[in-house]
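Raw contents of start18.tsv, TSV, N, CA and C atoms:
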chain	number	residue	atom	x	y	z
A	9	GLN	N	33.78	-40.51	-4.61
A	9	GLN	CA	32.71	-39.85	-3.86
A	9	GLN	C	33.12	-38.42	-3.55
A	10	VAL	N	32.20	-37.50	-3.73
A	10	VAL	CA	32.44	-36.09	-3.45
A	10	VAL	C	31.35	-35.59	-2.51
A	11	GLN	N	31.74	-34.91	-1.48
A	11	GLN	CA	30.78	-34.26	-0.59
A	11	GLN	C	30.88	-32.75	-0.78
A	12	LEU	N	29.74	-32.10	-0.88
A	12	LEU	CA	29.69	-30.66	-1.10
A	12	LEU	C	28.94	-29.98	0.03
A	13	VAL	N	29.50	-28.88	0.51
A	13	VAL	CA	28.87	-28.13	1.60
A	13	VAL	C	28.86	-26.65	1.22
A	14	GLU	N	27.66	-26.09	1.09
A	14	GLU	CA	27.53	-24.67	0.77
A	14	GLU	C	27.47	-23.84	2.05
A	15	SER	N	27.85	-22.58	1.91
A	15	SER	CA	27.70	-21.61	2.99
A	15	SER	C	27.64	-20.23	2.38
A	16	GLY	N	27.21	-19.26	3.18
A	16	GLY	CA	27.23	-17.88	2.75
A	16	GLY	C	25.89	-17.27	2.40
A	17	GLY	N	24.82	-18.05	2.47
A	17	GLY	CA	23.52	-17.48	2.19
A	17	GLY	C	23.04	-16.57	3.31
A	18	GLY	N	21.91	-15.91	3.07
A	18	GLY	CA	21.36	-15.04	4.09
A	18	GLY	C	20.37	-14.06	3.52
A	19	LEU	N	20.05	-13.06	4.31
A	19	LEU	CA	19.11	-12.01	3.94
A	19	LEU	C	19.90	-10.77	3.53
A	20	VAL	N	19.58	-10.22	2.38
A	20	VAL	CA	20.27	-9.03	1.89
A	20	VAL	C	19.25	-8.11	1.23
A	21	GLN	N	19.52	-6.83	1.29
A	21	GLN	CA	18.63	-5.86	0.65
A	21	GLN	C	18.87	-5.82	-0.86
A	22	PRO	N	17.86	-5.43	-1.61
A	22	PRO	CA	18.07	-5.26	-3.06
A	22	PRO	C	19.26	-4.35	-3.34
A	23	GLY	N	20.06	-4.75	-4.32
A	23	GLY	CA	21.27	-4.02	-4.65
A	23	GLY	C	22.50	-4.48	-3.88
A	24	GLY	N	22.29	-5.32	-2.90
A	24	GLY	CA	23.40	-5.80	-2.08
A	24	GLY	C	24.14	-6.96	-2.72
A	25	SER	N	25.09	-7.49	-1.96
A	25	SER	CA	25.95	-8.57	-2.46
A	25	SER	C	26.04	-9.69	-1.44
A	26	LEU	N	26.25	-10.89	-1.95
A	26	LEU	CA	26.55	-12.05	-1.14
A	26	LEU	C	27.57	-12.89	-1.88
A	27	ARG	N	28.35	-13.64	-1.11
A	27	ARG	CA	29.30	-14.57	-1.70
A	27	ARG	C	29.04	-15.96	-1.12
A	28	LEU	N	28.63	-16.86	-2.00
A	28	LEU	CA	28.40	-18.24	-1.60
A	28	LEU	C	29.68	-19.05	-1.80
A	29	SER	N	29.90	-19.98	-0.89
A	29	SER	CA	31.04	-20.89	-1.00
A	29	SER	C	30.53	-22.33	-1.08
A	30	CYS	N	31.28	-23.16	-1.77
A	30	CYS	CA	30.98	-24.58	-1.88
A	30	CYS	C	32.28	-25.33	-1.66
A	31	ALA	N	32.39	-25.97	-0.52
A	31	ALA	CA	33.60	-26.71	-0.19
A	31	ALA	C	33.40	-28.18	-0.55
A	32	ALA	N	34.35	-28.73	-1.31
A	32	ALA	CA	34.27	-30.12	-1.74
A	32	ALA	C	35.28	-30.97	-0.98
A	33	SER	N	34.86	-32.14	-0.59
A	33	SER	CA	35.77	-33.09	0.03
A	33	SER	C	35.65	-34.41	-0.69
A	34	GLY	N	36.63	-35.26	-0.53
A	34	GLY	CA	36.63	-36.52	-1.27
A	34	GLY	C	37.50	-36.38	-2.50
A	35	ARG	N	37.04	-36.86	-3.62
A	35	ARG	CA	37.82	-36.77	-4.86
A	35	ARG	C	37.96	-35.31	-5.30
A	36	THR	N	39.06	-35.02	-5.95
A	36	THR	CA	39.38	-33.66	-6.32
A	36	THR	C	38.32	-33.06	-7.22
A	37	SER	N	38.01	-31.82	-6.97
A	37	SER	CA	36.98	-31.14	-7.76
A	37	SER	C	37.47	-30.80	-9.16
A	38	SER	N	38.78	-30.91	-9.44
A	38	SER	CA	39.28	-30.56	-10.77
A	38	SER	C	38.76	-31.51	-11.84
A	39	SER	N	38.26	-32.68	-11.45
A	39	SER	CA	37.72	-33.65	-12.40
A	39	SER	C	36.27	-33.39	-12.74
A	40	TYR	N	35.70	-32.34	-12.19
A	40	TYR	CA	34.28	-32.06	-12.33
A	40	TYR	C	34.04	-30.64	-12.81
A	41	ALA	N	32.97	-30.50	-13.54
A	41	ALA	CA	32.40	-29.17	-13.74
A	41	ALA	C	31.52	-28.87	-12.54
A	42	MET	N	31.59	-27.63	-12.07
A	42	MET	CA	30.85	-27.25	-10.87
A	42	MET	C	29.78	-26.24	-11.24
A	43	GLY	N	28.55	-26.57	-10.90
A	43	GLY	CA	27.44	-25.70	-11.23
A	43	GLY	C	26.76	-25.14	-9.99
A	44	TRP	N	26.20	-23.95	-10.16
A	44	TRP	CA	25.33	-23.37	-9.14
A	44	TRP	C	23.91	-23.34	-9.69
A	45	PHE	N	23.04	-24.07	-9.00
A	45	PHE	CA	21.63	-24.10	-9.35
A	45	PHE	C	20.87	-23.28	-8.31
A	46	ARG	N	19.68	-22.85	-8.70
A	46	ARG	CA	18.81	-22.26	-7.70
A	46	ARG	C	17.39	-22.73	-7.91
A	47	GLN	N	16.66	-22.77	-6.82
A	47	GLN	CA	15.29	-23.25	-6.85
A	47	GLN	C	14.44	-22.35	-5.97
A	48	ALA	N	13.49	-21.67	-6.61
A	48	ALA	CA	12.53	-20.85	-5.90
A	48	ALA	C	11.32	-21.71	-5.55
A	49	PRO	N	10.52	-21.29	-4.55
A	49	PRO	CA	9.35	-22.08	-4.16
A	49	PRO	C	8.43	-22.35	-5.33
A	50	GLY	N	8.07	-23.61	-5.51
A	50	GLY	CA	7.15	-23.98	-6.57
A	50	GLY	C	7.74	-24.01	-7.96
A	51	LYS	N	9.05	-23.84	-8.06
A	51	LYS	CA	9.70	-23.81	-9.38
A	51	LYS	C	10.76	-24.91	-9.47
A	52	GLU	N	11.18	-25.18	-10.70
A	52	GLU	CA	12.19	-26.19	-10.93
A	52	GLU	C	13.58	-25.68	-10.53
A	53	ARG	N	14.47	-26.62	-10.32
A	53	ARG	CA	15.85	-26.30	-10.02
A	53	ARG	C	16.57	-26.03	-11.35
A	54	VAL	N	17.14	-24.85	-11.49
A	54	VAL	CA	17.72	-24.42	-12.76
A	54	VAL	C	19.16	-23.94	-12.53
A	55	VAL	N	20.03	-24.34	-13.45
A	55	VAL	CA	21.43	-23.91	-13.34
A	55	VAL	C	21.57	-22.46	-13.77
A	56	HIS	N	22.35	-21.70	-13.02
A	56	HIS	CA	22.55	-20.29	-13.34
A	56	HIS	C	24.02	-19.93	-13.55
A	57	ALA	N	24.92	-20.79	-13.13
A	57	ALA	CA	26.35	-20.53	-13.34
A	57	ALA	C	27.11	-21.84	-13.27
A	58	ILE	N	28.10	-21.98	-14.15
A	58	ILE	CA	28.93	-23.18	-14.19
A	58	ILE	C	30.38	-22.77	-14.41
A	59	ASN	N	31.28	-23.52	-13.78
A	59	ASN	CA	32.71	-23.30	-13.98
A	59	ASN	C	33.34	-24.66	-14.30
A	60	TRP	N	34.13	-24.71	-15.38
A	60	TRP	CA	34.78	-25.96	-15.72
A	60	TRP	C	36.19	-25.69	-16.21
A	61	SER	N	36.80	-26.67	-16.85
A	61	SER	CA	38.24	-26.69	-17.15
A	61	SER	C	38.77	-25.35	-17.65
A	62	GLY	N	39.91	-24.97	-17.11
A	62	GLY	CA	40.60	-23.79	-17.60
A	62	GLY	C	39.87	-22.48	-17.32
A	63	GLY	N	38.93	-22.52	-16.41
A	63	GLY	CA	38.23	-21.29	-16.06
A	63	GLY	C	37.09	-20.93	-16.98
A	64	SER	N	36.65	-21.86	-17.80
A	64	SER	CA	35.48	-21.60	-18.65
A	64	SER	C	34.25	-21.46	-17.78
A	65	THR	N	33.36	-20.58	-18.20
A	65	THR	CA	32.16	-20.33	-17.40
A	65	THR	C	30.92	-20.18	-18.29
A	66	TYR	N	29.80	-20.42	-17.64
A	66	TYR	CA	28.49	-20.18	-18.24
A	66	TYR	C	27.66	-19.42	-17.22
A	67	TYR	N	26.84	-18.48	-17.74
A	67	TYR	CA	25.90	-17.76	-16.89
A	67	TYR	C	24.55	-17.70	-17.60
A	68	ALA	N	23.50	-17.88	-16.82
A	68	ALA	CA	22.17	-17.64	-17.35
A	68	ALA	C	22.01	-16.15	-17.62
A	69	ASP	N	21.19	-15.82	-18.59
A	69	ASP	CA	21.01	-14.42	-18.97
A	69	ASP	C	20.58	-13.55	-17.79
A	70	SER	N	19.79	-14.13	-16.90
A	70	SER	CA	19.23	-13.35	-15.79
A	70	SER	C	20.29	-12.91	-14.78
A	71	VAL	N	21.46	-13.56	-14.78
A	71	VAL	CA	22.49	-13.21	-13.80
A	71	VAL	C	23.77	-12.72	-14.47
A	72	LYS	N	23.82	-12.75	-15.78
A	72	LYS	CA	25.03	-12.35	-16.49
A	72	LYS	C	25.38	-10.89	-16.17
A	73	GLY	N	26.64	-10.66	-15.84
A	73	GLY	CA	27.08	-9.31	-15.48
A	73	GLY	C	26.92	-8.99	-14.01
A	74	ARG	N	26.19	-9.83	-13.28
A	74	ARG	CA	25.99	-9.60	-11.84
A	74	ARG	C	26.64	-10.70	-10.99
A	75	PHE	N	26.65	-11.92	-11.51
A	75	PHE	CA	27.20	-13.06	-10.77
A	75	PHE	C	28.53	-13.47	-11.39
A	76	THR	N	29.43	-13.96	-10.53
A	76	THR	CA	30.71	-14.48	-10.99
A	76	THR	C	31.00	-15.80	-10.28
A	77	VAL	N	31.26	-16.84	-11.06
A	77	VAL	CA	31.61	-18.14	-10.48
A	77	VAL	C	33.11	-18.34	-10.64
A	78	SER	N	33.75	-18.77	-9.58
A	78	SER	CA	35.19	-19.00	-9.59
A	78	SER	C	35.51	-20.23	-8.76
A	79	ARG	N	36.71	-20.74	-8.92
A	79	ARG	CA	37.09	-21.94	-8.17
A	79	ARG	C	38.58	-21.94	-7.90
A	80	ASP	N	38.95	-22.65	-6.86
A	80	ASP	CA	40.35	-22.88	-6.53
A	80	ASP	C	40.48	-24.38	-6.31
A	81	ASN	N	41.02	-25.09	-7.29
A	81	ASN	CA	41.10	-26.55	-7.19
A	81	ASN	C	42.00	-26.99	-6.06
A	82	ALA	N	43.02	-26.20	-5.75
A	82	ALA	CA	43.92	-26.57	-4.65
A	82	ALA	C	43.19	-26.55	-3.32
A	83	LYS	N	42.19	-25.67	-3.22
A	83	LYS	CA	41.40	-25.57	-1.99
A	83	LYS	C	40.10	-26.35	-2.09
A	84	ASN	N	39.85	-26.96	-3.26
A	84	ASN	CA	38.60	-27.69	-3.48
A	84	ASN	C	37.38	-26.84	-3.13
A	85	THR	N	37.39	-25.61	-3.59
A	85	THR	CA	36.32	-24.68	-3.26
A	85	THR	C	35.87	-23.94	-4.52
A	86	VAL	N	34.56	-23.73	-4.59
A	86	VAL	CA	33.95	-22.96	-5.66
A	86	VAL	C	33.15	-21.84	-5.00
A	87	TRP	N	33.19	-20.67	-5.61
A	87	TRP	CA	32.48	-19.52	-5.06
A	87	TRP	C	31.48	-18.98	-6.09
A	88	LEU	N	30.45	-18.36	-5.59
A	88	LEU	CA	29.52	-17.61	-6.43
A	88	LEU	C	29.39	-16.22	-5.82
A	89	GLN	N	30.00	-15.26	-6.48
A	89	GLN	CA	29.88	-13.86	-6.05
A	89	GLN	C	28.65	-13.27	-6.70
A	90	MET	N	27.74	-12.78	-5.88
A	90	MET	CA	26.47	-12.25	-6.38
A	90	MET	C	26.37	-10.78	-6.03
A	91	ASN	N	26.33	-9.94	-7.04
A	91	ASN	CA	26.23	-8.50	-6.86
A	91	ASN	C	24.91	-7.99	-7.42
A	92	SER	N	24.56	-6.77	-7.04
A	92	SER	CA	23.34	-6.12	-7.54
A	92	SER	C	22.14	-7.06	-7.42
A	93	LEU	N	22.00	-7.65	-6.26
A	93	LEU	CA	20.94	-8.65	-6.07
A	93	LEU	C	19.56	-8.04	-6.18
A	94	LYS	N	18.65	-8.84	-6.72
A	94	LYS	CA	17.26	-8.44	-6.95
A	94	LYS	C	16.34	-9.38	-6.18
A	95	PRO	N	15.13	-8.94	-5.87
A	95	PRO	CA	14.19	-9.83	-5.17
A	95	PRO	C	13.97	-11.15	-5.92
A	96	GLU	N	14.03	-11.11	-7.24
A	96	GLU	CA	13.81	-12.34	-8.01
A	96	GLU	C	14.99	-13.32	-7.92
A	97	ASP	N	16.08	-12.90	-7.28
A	97	ASP	CA	17.18	-13.84	-7.03
A	97	ASP	C	16.93	-14.69	-5.79
A	98	THR	N	15.86	-14.40	-5.06
A	98	THR	CA	15.53	-15.17	-3.87
A	98	THR	C	15.26	-16.63	-4.22
A	99	ALA	N	15.98	-17.53	-3.56
A	99	ALA	CA	15.87	-18.96	-3.84
A	99	ALA	C	16.80	-19.72	-2.91
A	100	VAL	N	16.68	-21.03	-2.95
A	100	VAL	CA	17.69	-21.89	-2.34
A	100	VAL	C	18.74	-22.17	-3.41
A	101	TYR	N	19.98	-21.95	-3.08
A	101	TYR	CA	21.09	-22.13	-4.01
A	101	TYR	C	21.83	-23.43	-3.67
A	102	PHE	N	22.08	-24.21	-4.72
A	102	PHE	CA	22.77	-25.48	-4.58
A	102	PHE	C	24.02	-25.49	-5.45
A	103	CYS	N	25.12	-26.00	-4.92
A	103	CYS	CA	26.23	-26.31	-5.81
A	103	CYS	C	26.16	-27.79	-6.14
A	104	ALA	N	26.66	-28.13	-7.31
A	104	ALA	CA	26.58	-29.50	-7.79
A	104	ALA	C	27.76	-29.80	-8.70
A	105	ALA	N	28.11	-31.08	-8.78
A	105	ALA	CA	29.27	-31.50	-9.55
A	105	ALA	C	28.90	-32.56	-10.57
A	106	VAL	N	29.39	-32.38	-11.79
A	106	VAL	CA	29.20	-33.37	-12.85
A	106	VAL	C	30.58	-33.74	-13.39
A	107	PRO	N	30.88	-35.03	-13.59
A	107	PRO	CA	32.19	-35.41	-14.12
A	107	PRO	C	32.42	-34.80	-15.49
A	108	LEU	N	33.62	-34.31	-15.74
A	108	LEU	CA	33.92	-33.68	-17.02
A	108	LEU	C	33.68	-34.62	-18.20
A	109	ILE	N	33.83	-35.91	-17.98
A	109	ILE	CA	33.62	-36.87	-19.05
A	109	ILE	C	32.18	-36.85	-19.55
A	110	ARG	N	31.25	-36.40	-18.74
A	110	ARG	CA	29.84	-36.32	-19.15
A	110	ARG	C	29.37	-34.89	-19.38
A	111	PHE	N	30.26	-33.95	-19.27
A	111	PHE	CA	29.88	-32.54	-19.37
A	111	PHE	C	29.92	-32.09	-20.82
A	112	THR	N	28.74	-31.85	-21.40
A	112	THR	CA	28.65	-31.41	-22.79
A	112	THR	C	27.64	-30.28	-22.88
A	113	SER	N	27.57	-29.68	-24.07
A	113	SER	CA	26.59	-28.62	-24.27
A	113	SER	C	25.17	-29.15	-24.15
A	114	ALA	N	25.02	-30.46	-24.31
A	114	ALA	CA	23.68	-31.06	-24.22
A	114	ALA	C	23.31	-31.38	-22.77
A	115	THR	N	24.30	-31.64	-21.93
A	115	THR	CA	24.01	-32.11	-20.57
A	115	THR	C	24.19	-31.04	-19.50
A	116	MET	N	24.85	-29.95	-19.83
A	116	MET	CA	25.26	-29.00	-18.80
A	116	MET	C	24.09	-28.36	-18.06
A	117	TYR	N	22.93	-28.30	-18.69
A	117	TYR	CA	21.78	-27.67	-18.05
A	117	TYR	C	20.91	-28.67	-17.28
A	118	ASP	N	21.18	-29.95	-17.40
A	118	ASP	CA	20.32	-30.99	-16.87
A	118	ASP	C	20.73	-31.35	-15.45
A	119	PRO	N	19.92	-31.04	-14.43
A	119	PRO	CA	20.30	-31.38	-13.06
A	119	PRO	C	20.47	-32.88	-12.85
A	120	GLY	N	19.82	-33.68	-13.67
A	120	GLY	CA	19.95	-35.13	-13.55
A	120	GLY	C	21.32	-35.65	-13.91
A	121	GLN	N	22.13	-34.83	-14.59
A	121	GLN	CA	23.47	-35.26	-14.96
A	121	GLN	C	24.49	-35.02	-13.85
A	122	TYR	N	24.12	-34.21	-12.88
A	122	TYR	CA	25.04	-33.87	-11.80
A	122	TYR	C	24.98	-34.94	-10.72
A	123	ASP	N	26.14	-35.49	-10.39
A	123	ASP	CA	26.20	-36.62	-9.47
A	123	ASP	C	26.13	-36.22	-8.00
A	124	TYR	N	26.67	-35.08	-7.69
A	124	TYR	CA	26.81	-34.70	-6.29
A	124	TYR	C	26.21	-33.32	-6.05
A	125	TRP	N	25.56	-33.20	-4.89
A	125	TRP	CA	24.85	-31.98	-4.55
A	125	TRP	C	25.16	-31.58	-3.11
A	126	GLY	N	25.19	-30.27	-2.90
A	126	GLY	CA	25.23	-29.77	-1.55
A	126	GLY	C	23.83	-29.73	-0.96
A	127	GLN	N	23.75	-29.31	0.27
A	127	GLN	CA	22.47	-29.30	0.99
A	127	GLN	C	21.63	-28.09	0.67
A	128	GLY	N	22.24	-27.09	0.03
A	128	GLY	CA	21.52	-25.87	-0.31
A	128	GLY	C	21.68	-24.80	0.75
A	129	THR	N	21.64	-23.55	0.29
A	129	THR	CA	21.71	-22.41	1.21
A	129	THR	C	20.69	-21.37	0.74
A	130	GLN	N	19.93	-20.83	1.67
A	130	GLN	CA	18.86	-19.90	1.35
A	130	GLN	C	19.42	-18.50	1.12
A	131	VAL	N	19.01	-17.91	0.02
A	131	VAL	CA	19.31	-16.50	-0.27
A	131	VAL	C	17.98	-15.77	-0.37
A	132	THR	N	17.81	-14.73	0.43
A	132	THR	CA	16.60	-13.93	0.42
A	132	THR	C	16.97	-12.48	0.18
A	133	VAL	N	16.40	-11.92	-0.88
A	133	VAL	CA	16.66	-10.53	-1.24
A	133	VAL	C	15.38	-9.75	-0.98
A	134	SER	N	15.40	-8.91	0.03
A	134	SER	CA	14.19	-8.21	0.44
A	134	SER	C	14.56	-6.98	1.25
A	135	SER	N	13.73	-5.95	1.11
A	135	SER	CA	13.93	-4.74	1.91
A	135	SER	C	13.11	-4.82	3.20

Take the structure in the file and write it out as structure tokens.
Amino acid sequence: QVQLVESGGGLVQPGGSLRLSCAASGRTSSSYAMGWFRQAPGKERVVHAINWSGGSTYYADSVKGRFTVSRDNAKNTVWLQMNSLKPEDTAVYFCAAVPLIRFTSATMYDPGQYDYWGQGTQVTVSS
């Protein structure tokens, strides 16, 4: 069992930065790929960044070059550094964990494959 707790969301002006944290408790996070999903009102929950074994990462095109996902397995923590934020980045952000044994190029985008979810943290980008 893994429990995930996000923090770090808030209101920021366009062009600003935020750093989201996801603290994991229970089984070690090193056995999981960790994803950051976001969900805007009326839209589906979509993965935008993933970090897995050996520091491998994935970024959606819309955030590539602006967002950085990192993790410290010793601290059981994953971060999402968000720079050059845009109004369209406004959403609830969720961290989620999928066991590496099920993590493939076919499953990595599917929220249904992720076993554990945080409660979400609101990010609002507005002037």

*Using all atoms listed in the file, determine which residues lie at most 8 Å from stretch 100-103 of chain A, disregarding the query and same-chain residues fewer than 3 positions distant; provide the list as a count of residues only.*
25

*Run DSSP on the backbone and give me the residues of chain A it puts in strand (DSSP E or B), as a ChimeraX atom specification.*
/A:10-15,18-20,26-34,40-47,54-60,64-67,75-80,85-90,99-107,124-125,129-133

*Using only N, CA and C atoms, pick whichever of A:Tyr122, A:Phe111, A:Tyr40, A:Tyr117 has the shortest atom-to-atom distance to A:Asn59.*
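Looking at the shortest contact to A:Asn59, the residue is A:Tyr40.
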
*Selection near A:Pro119, 8 Å with all atoms listed in the file, sequence-local residues under 3 positions removed, as a PyMOL selection string*: chain A and resi 53-55+115-116+122-123

*Tell me which protein, DNA and RNA residues are within 6.5 Å of stretch 77-87 of chain A, counting all atoms listed in the file, leaving out same-chain ones fewer than 4 positions away, and put them as a PyMOL selection string.*
chain A and resi 27-33+37-38+57-59

Enclose all atoms of stretch 16-26 of chain A listed in the file in an axis-aligned box, grow every side by 6 Å, and hand back centre and edge lengths in Å to one decimal, as JSON.
{"center_x": 22.7, "center_y": -11.6, "center_z": -0.2, "size_x": 21.7, "size_y": 27.2, "size_z": 21.0}

_Nearest candidate to A:Gln9 (options A:Gly50, A:Gly62, A:Pro95, A:Gly34; using all atoms listed in the file)_ =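 Among the listed residues, the smallest separation from A:Gln9 belongs to A:Gly34.
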
_Counting only C-alpha atoms, which residue out of A:Ser64, A:Ser135, A:Ser92, A:Ser39 sits closest to A:Leu108?_
A:Ser39

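Atom CA of A:Ser15 lies 21.3 Å from atom CA of A:Tyr66.
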
*asked:* Using only N, CA and C atoms for the distances, tell me which of A:Val10, A:Ala105, A:Val20, A:Ala41 is nearest to A:Leu93.
replied: A:Val20
